[in-house]
Amino acid sequence: MKDEKGAGPLAGVKVLEITTMVAGPIGGVVLADLGATVTKIETLGGDPYRNVQPQHKGMCAHFFAVNRHKRSIQIDLKTDEGRAIAQKLAAQCDVLLVNSRPSVMGRLGLGYDELSKANPGLIYVSISGFGDDGPYVNRPAFDQVIQALTGAMQLQNPEGEPKPLRSMFVDKFAGAVAVSAVCAALYHRERNGGRGQYISAPLMKTFSFLSLVDNLHNHAFVESDNKTPIINITRPFRSADGVFMGHIQTDEQFARVCGVLGVEHLVGDERFKSAVRRVANYDLMWRELEKGAMKFSSAELEALALNEGLPLAKVNTVDEFLDDPQCRHLHCVEQFDTEEFGEVRVAAHPVTFSASPADVRGVAPWPGQHSDEVLSELGFGDDRIAGLRNAGVIR
């Protein structure tokens, strides 16, 4: 759990999180890394993400990654007393982060309209699949469903079968967008008399920005007939003992790569004499470059790419990336010791602050680990807490 008096830029900000799985929790963990105090409400069964493999000493690695620093309280929100507790917590927080369908929170008496009456300064962030209304509002939303709907899968392989992105980019980007929105809303509140607001961050809309910001080119100018086919311009190629990826755009880059790989004759080849021609013949171009690359070991080719400033990079496994010298230099992954789980690794916060550093060195809570602590802060005595637990309202 993050110390409220920590040095992070959001120290002192109180966040209540009613989220599960990835999109909501990753937003909460970034806020926690930045110094906010994040309290997570879980059902009596716990966040289902806790059950995913792999596990270590009863803790899911995936859950750990997106829930460190947080406090956990388990509440049955289907009970009147449980909802009353959640409402009390919301009345004392700066930010409420939820990722269920909007109608669900409304039925529980935990919608923005209800909660903002008691807490006008509340910043309420709703991460949902398709927003608050519209034809898809009640449609289930999962990462790959959004990828399919937004055209991203077709973009991965425009010349063949659609392919999904093999990571939860939709969920993770929505969480990152939510953090950006929270910071903007906190600044707005500070300048506007403490007034909070409601923020909607649908997976479809947030991922559309990520996917289409560079793929809307054929639709940007409505009156233009100048269209460019969506094709691949890069292709993995082999060295003698590995696989590389490259990005060649300019004539100068192409000439330098050809020179280093010993295939200078390609520079004058009519098929590759301009960027337009190289794009049209990209597959053939990379196959010809591969003939030169196959003369080098991966270590040799990596050294050439580094020394000559070539736009080539070895295709690493995760294990290899963890051992990459620039990865270690930038501390892309933090490793630290914990009492509960021994040595752990987590992805580092992506930016470096000179005056108010983020801190990822925390552990994820056990289900309901902080229920007593959180309720005590609300003024609940030991007997009342015990009564709530015996009645099945909390755990």
# chains A, B, ... in the order shown; residues from 1 in each chain; ligands from 1
>>> select_by_dssp(residues="range 186-218 of chain A", states="helix (DSSP H, G or I)", output="ChimeraX atom specification")
/A:186-191,203-212,217-218
>>> residues_around(residues="range 39-52 of chain A", least_positions_apart="6", cutoff="9 Å", atoms="only C-alpha atoms", output="PDB file with N, CA and C atoms, in the first residue's frame")
ATOM      1  N   LYS A  14      -7.114  10.683  -2.972  1.00  0.00           N
ATOM      2  CA  LYS A  14      -7.763   9.443  -2.548  1.00  0.00           C
ATOM      3  C   LYS A  14      -8.605   8.889  -3.689  1.00  0.00           C
ATOM      4  N   VAL A  15      -8.339   7.642  -4.027  1.00  0.00           N
ATOM      5  CA  VAL A  15      -9.021   6.979  -5.145  1.00  0.00           C
ATOM      6  C   VAL A  15      -9.777   5.764  -4.613  1.00  0.00           C
ATOM      7  N   LEU A  16     -11.032   5.661  -5.000  1.00  0.00           N
ATOM      8  CA  LEU A  16     -11.827   4.461  -4.729  1.00  0.00           C
ATOM      9  C   LEU A  16     -11.992   3.732  -6.052  1.00  0.00           C
ATOM     10  N   GLU A  17     -11.695   2.453  -6.042  1.00  0.00           N
ATOM     11  CA  GLU A  17     -11.720   1.678  -7.282  1.00  0.00           C
ATOM     12  C   GLU A  17     -12.698   0.518  -7.143  1.00  0.00           C
ATOM     13  N   ILE A  18     -13.680   0.463  -8.033  1.00  0.00           N
ATOM     14  CA  ILE A  18     -14.604  -0.666  -8.103  1.00  0.00           C
ATOM     15  C   ILE A  18     -14.430  -1.275  -9.486  1.00  0.00           C
ATOM     16  N   THR A  19     -13.381  -2.048  -9.643  1.00  0.00           N
ATOM     17  CA  THR A  19     -13.006  -2.559 -10.965  1.00  0.00           C
ATOM     18  C   THR A  19     -12.547  -4.005 -10.855  1.00  0.00           C
ATOM     19  N   THR A  20     -12.514  -4.668 -12.009  1.00  0.00           N
ATOM     20  CA  THR A  20     -11.986  -6.027 -12.092  1.00  0.00           C
ATOM     21  C   THR A  20     -11.147  -6.176 -13.353  1.00  0.00           C
ATOM     22  N   MET A  21     -10.417  -7.252 -13.428  1.00  0.00           N
ATOM     23  CA  MET A  21      -9.631  -7.659 -14.586  1.00  0.00           C
ATOM     24  C   MET A  21      -8.542  -6.638 -14.913  1.00  0.00           C
ATOM     25  N   VAL A  22      -8.576  -5.944 -16.073  1.00  0.00           N
ATOM     26  CA  VAL A  22      -7.403  -5.195 -16.518  1.00  0.00           C
ATOM     27  C   VAL A  22      -7.638  -3.696 -16.689  1.00  0.00           C
ATOM     28  N   PRO A  25      -8.281  -1.749 -13.269  1.00  0.00           N
ATOM     29  CA  PRO A  25      -7.156  -1.901 -12.347  1.00  0.00           C
ATOM     30  C   PRO A  25      -5.853  -1.281 -12.828  1.00  0.00           C
ATOM     31  N   GLY A  28      -5.935   2.248 -11.969  1.00  0.00           N
ATOM     32  CA  GLY A  28      -5.744   2.433 -10.546  1.00  0.00           C
ATOM     33  C   GLY A  28      -4.312   2.237 -10.114  1.00  0.00           C
ATOM     34  N   GLY A  58      -0.003 -18.326  -3.706  1.00  0.00           N
ATOM     35  CA  GLY A  58      -1.395 -17.924  -3.667  1.00  0.00           C
ATOM     36  C   GLY A  58      -1.710 -16.611  -4.351  1.00  0.00           C
ATOM     37  N   MET A  59      -0.719 -15.964  -4.965  1.00  0.00           N
ATOM     38  CA  MET A  59      -0.935 -14.679  -5.636  1.00  0.00           C
ATOM     39  C   MET A  59      -0.755 -14.837  -7.138  1.00  0.00           C
ATOM     40  N   CYS A  60      -1.720 -14.337  -7.888  1.00  0.00           N
ATOM     41  CA  CYS A  60      -1.657 -14.355  -9.355  1.00  0.00           C
ATOM     42  C   CYS A  60      -0.700 -13.283  -9.856  1.00  0.00           C
ATOM     43  N   ALA A  61       0.203 -13.665 -10.756  1.00  0.00           N
ATOM     44  CA  ALA A  61       1.174 -12.707 -11.291  1.00  0.00           C
ATOM     45  C   ALA A  61       0.490 -11.563 -12.028  1.00  0.00           C
ATOM     46  N   HIS A  62      -0.562 -11.884 -12.804  1.00  0.00           N
ATOM     47  CA  HIS A  62      -1.268 -10.846 -13.555  1.00  0.00           C
ATOM     48  C   HIS A  62      -1.972  -9.867 -12.603  1.00  0.00           C
ATOM     49  N   PHE A  63      -2.620 -10.408 -11.571  1.00  0.00           N
ATOM     50  CA  PHE A  63      -3.297  -9.554 -10.599  1.00  0.00           C
ATOM     51  C   PHE A  63      -2.276  -8.665  -9.882  1.00  0.00           C
ATOM     52  N   PHE A  64      -1.156  -9.248  -9.504  1.00  0.00           N
ATOM     53  CA  PHE A  64      -0.101  -8.496  -8.818  1.00  0.00           C
ATOM     54  C   PHE A  64       0.332  -7.296  -9.648  1.00  0.00           C
ATOM     55  N   ASN A  67      -2.352  -4.378  -9.483  1.00  0.00           N
ATOM     56  CA  ASN A  67      -3.018  -4.054  -8.215  1.00  0.00           C
ATOM     57  C   ASN A  67      -2.058  -3.781  -7.067  1.00  0.00           C
ATOM     58  N   LYS A  70      -2.321  -1.163  -3.608  1.00  0.00           N
ATOM     59  CA  LYS A  70      -3.719  -0.876  -3.268  1.00  0.00           C
ATOM     60  C   LYS A  70      -4.136  -1.523  -1.946  1.00  0.00           C
ATOM     61  N   ARG A  71      -5.177  -0.964  -1.352  1.00  0.00           N
ATOM     62  CA  ARG A  71      -5.851  -1.593  -0.225  1.00  0.00           C
ATOM     63  C   ARG A  71      -7.078  -2.317  -0.755  1.00  0.00           C
ATOM     64  N   SER A  72      -7.400  -3.464  -0.140  1.00  0.00           N
ATOM     65  CA  SER A  72      -8.549  -4.247  -0.582  1.00  0.00           C
ATOM     66  C   SER A  72      -9.567  -4.370   0.539  1.00  0.00           C
ATOM     67  N   ILE A  73     -10.806  -4.064   0.204  1.00  0.00           N
ATOM     68  CA  ILE A  73     -11.926  -4.313   1.102  1.00  0.00           C
ATOM     69  C   ILE A  73     -12.964  -5.096   0.321  1.00  0.00           C
ATOM     70  N   GLN A  74     -13.454  -6.186   0.903  1.00  0.00           N
ATOM     71  CA  GLN A  74     -14.469  -7.011   0.245  1.00  0.00           C
ATOM     72  C   GLN A  74     -15.846  -6.645   0.784  1.00  0.00           C
ATOM     73  N   ILE A  75     -16.745  -6.280  -0.128  1.00  0.00           N
ATOM     74  CA  ILE A  75     -18.092  -5.840   0.240  1.00  0.00           C
ATOM     75  C   ILE A  75     -19.107  -6.506  -0.668  1.00  0.00           C
ATOM     76  N   ASP A  76     -20.206  -6.935  -0.093  1.00  0.00           N
ATOM     77  CA  ASP A  76     -21.333  -7.415  -0.890  1.00  0.00           C
ATOM     78  C   ASP A  76     -22.200  -6.213  -1.241  1.00  0.00           C
ATOM     79  N   LEU A  77     -22.036  -5.703  -2.443  1.00  0.00           N
ATOM     80  CA  LEU A  77     -22.761  -4.506  -2.863  1.00  0.00           C
ATOM     81  C   LEU A  77     -24.227  -4.783  -3.184  1.00  0.00           C
ATOM     82  N   ALA A  86     -20.044   1.613   0.566  1.00  0.00           N
ATOM     83  CA  ALA A  86     -19.436   2.130  -0.665  1.00  0.00           C
ATOM     84  C   ALA A  86     -19.760   3.603  -0.855  1.00  0.00           C
ATOM     85  N   PRO A 367      -7.322 -10.633  -0.741  1.00  0.00           N
ATOM     86  CA  PRO A 367      -8.740 -10.235  -0.742  1.00  0.00           C
ATOM     87  C   PRO A 367      -9.193  -9.788   0.643  1.00  0.00           C
ATOM     88  N   GLY A 368      -9.691  -8.562   0.711  1.00  0.00           N
ATOM     89  CA  GLY A 368     -10.199  -8.053   1.976  1.00  0.00           C
ATOM     90  C   GLY A 368      -9.146  -7.788   3.031  1.00  0.00           C
ATOM     91  N   HIS A 370      -7.578  -5.234   3.894  1.00  0.00           N
ATOM     92  CA  HIS A 370      -7.665  -3.957   4.596  1.00  0.00           C
ATOM     93  C   HIS A 370      -9.094  -3.586   4.983  1.00  0.00           C
ATOM     94  N   VAL A 374     -10.002   0.028   6.613  1.00  0.00           N
ATOM     95  CA  VAL A 374     -10.803   1.004   5.867  1.00  0.00           C
ATOM     96  C   VAL A 374     -12.069   1.359   6.638  1.00  0.00           C
ATOM     97  N   GLY A 392     -22.241 -11.363   6.589  1.00  0.00           N
ATOM     98  CA  GLY A 392     -21.859 -11.603   5.200  1.00  0.00           C
ATOM     99  C   GLY A 392     -21.829 -10.359   4.347  1.00  0.00           C
ATOM    100  N   VAL A 393     -21.808  -9.182   4.974  1.00  0.00           N
ATOM    101  CA  VAL A 393     -21.746  -7.925   4.205  1.00  0.00           C
ATOM    102  C   VAL A 393     -20.325  -7.638   3.760  1.00  0.00           C
ATOM    103  N   ILE A 394     -19.352  -7.956   4.606  1.00  0.00           N
ATOM    104  CA  ILE A 394     -17.942  -7.745   4.285  1.00  0.00           C
ATOM    105  C   ILE A 394     -17.181  -9.043   4.534  1.00  0.00           C
ATOM    106  N   ARG A 395     -15.968  -9.033   4.084  1.00  0.00           N
ATOM    107  CA  ARG A 395     -15.085 -10.169   4.363  1.00  0.00           C
ATOM    108  C   ARG A 395     -13.682  -9.629   4.562  1.00  0.00           C
TER     109      ARG A 395
END
>>> closest_atom_pairs(of="range 187-239 of chain A", to="range 159-182 of chain A", cutoff="9 Å", atoms="only C-alpha atoms", output="CSV")
residue,atom,partner,partner_atom,distance
A:Tyr187,CA,A:Val182,CA,8.6
A:Ile199,CA,A:Ala181,CA,7.5
A:Ser200,CA,A:Ala178,CA,8.6
A:Ala201,CA,A:Ala178,CA,6.6
A:Pro202,CA,A:Ala174,CA,7.5
A:Leu203,CA,A:Ala174,CA,5.9
A:Met204,CA,A:Val170,CA,8.1
A:Lys205,CA,A:Ala174,CA,8.9
A:Thr206,CA,A:Ala174,CA,5.7
A:Phe207,CA,A:Val170,CA,5.6
A:Leu210,CA,A:Phe173,CA,7.9
A:Ile230,CA,A:Glu159,CA,8.7
A:Ile231,CA,A:Glu159,CA,7.0
A:Asn232,CA,A:Glu159,CA,8.2
>>> residues_around(residues="Pro140 in chain A", least_positions_apart="4", cutoff="12 Å", atoms="only C-alpha atoms", output="number ranges by chain")
A: 100-101, 128-131, 136, 144-146, 203-204
>>> residues_around(residues="range 265-281 of chain A", least_positions_apart="6", cutoff="8 Å", atoms="only C-alpha atoms", output="list in words")
Ile233, Gln249, Thr250, Asp251, Phe254, Ala255 and Cys258 of chain A
>>> write_last_selection(atoms="C-alpha atoms", output="PDB file, in the first residue's frame")
ATOM      1  CA  ILE A 233       5.945  -2.101 -45.185  1.00  0.00           C
ATOM      2  CA  GLN A 249      11.979   4.691 -45.195  1.00  0.00           C
ATOM      3  CA  THR A 250      14.489   7.012 -46.822  1.00  0.00           C
ATOM      4  CA  ASP A 251      16.848   6.452 -49.762  1.00  0.00           C
ATOM      5  CA  PHE A 254      18.262   1.953 -47.778  1.00  0.00           C
ATOM      6  CA  ALA A 255      21.710   2.682 -49.221  1.00  0.00           C
ATOM      7  CA  CYS A 258      22.602  -2.334 -48.433  1.00  0.00           C
TER       8      CYS A 258
END
>>> residues_around(residues="Ala36 in chain A", least_positions_apart="4", cutoff="7 Å", atoms="only C-alpha atoms", output="VMD selection string")
chain A and resid 4 10 to 15 31 to 32
>>> residues_around(residues="Phe321 in chain A", least_positions_apart="6", cutoff="12 Å", atoms="only C-alpha atoms", output="number ranges by chain")
A: 313-315, 327-329, 331-333
>>> closest_residue(among="A:Glu377, A:Glu114, A:Asp382, A:Glu223", to="Leu89 in chain A", atoms="only C-alpha atoms")
A:Glu377
>>> select_by_dssp(residues="range 184-337 of chain A", states="strand (DSSP E)", output="PyMOL selection string")
chain A and resi 197-200+237-238+243-246+312-314+333-337
>>> closest_residue(among="A:Asp319, A:Lys57, A:Val104, A:Lys88", to="Gly379 in chain A", atoms="only C-alpha atoms")
A:Lys88
>>> closest_residue(among="A:Gly193, A:Gly362, A:Pro120, A:Pro9", to="Ala347 in chain A", atoms="only C-alpha atoms")
A:Gly362
>>> residues_around(residues="Leu310 in chain A", least_positions_apart="3", cutoff="8 Å", atoms="only C-alpha atoms", output="list in words")
Gln253, Arg256, Val257, Leu304, Ala305, Leu306 and Asn307 of chain A
>>> write_last_selection(atoms="C-alpha atoms", output="CSV table (one decimal), in the first residue's frame")
chain,number,residue,atom,x,y,z
A,253,GLN,CA,18.7,4.5,-45.0
A,256,ARG,CA,23.4,2.4,-45.8
A,257,VAL,CA,21.7,-0.9,-45.0
A,304,LEU,CA,26.7,-3.4,-37.0
A,305,ALA,CA,23.2,-1.9,-36.4
A,306,LEU,CA,24.4,-0.2,-33.2
A,307,ASN,CA,27.7,1.1,-34.6
>>> closest_residue(among="A:Asn226, A:Gln147, A:Gln156, A:Ser297", to="Ser208 in chain A", atoms="only C-alpha atoms")
A:Gln147
>>> atom_distance(atom1="CA of Asp80 in chain A", atom2="CA of Pro365 in chain A")
25.5 Å
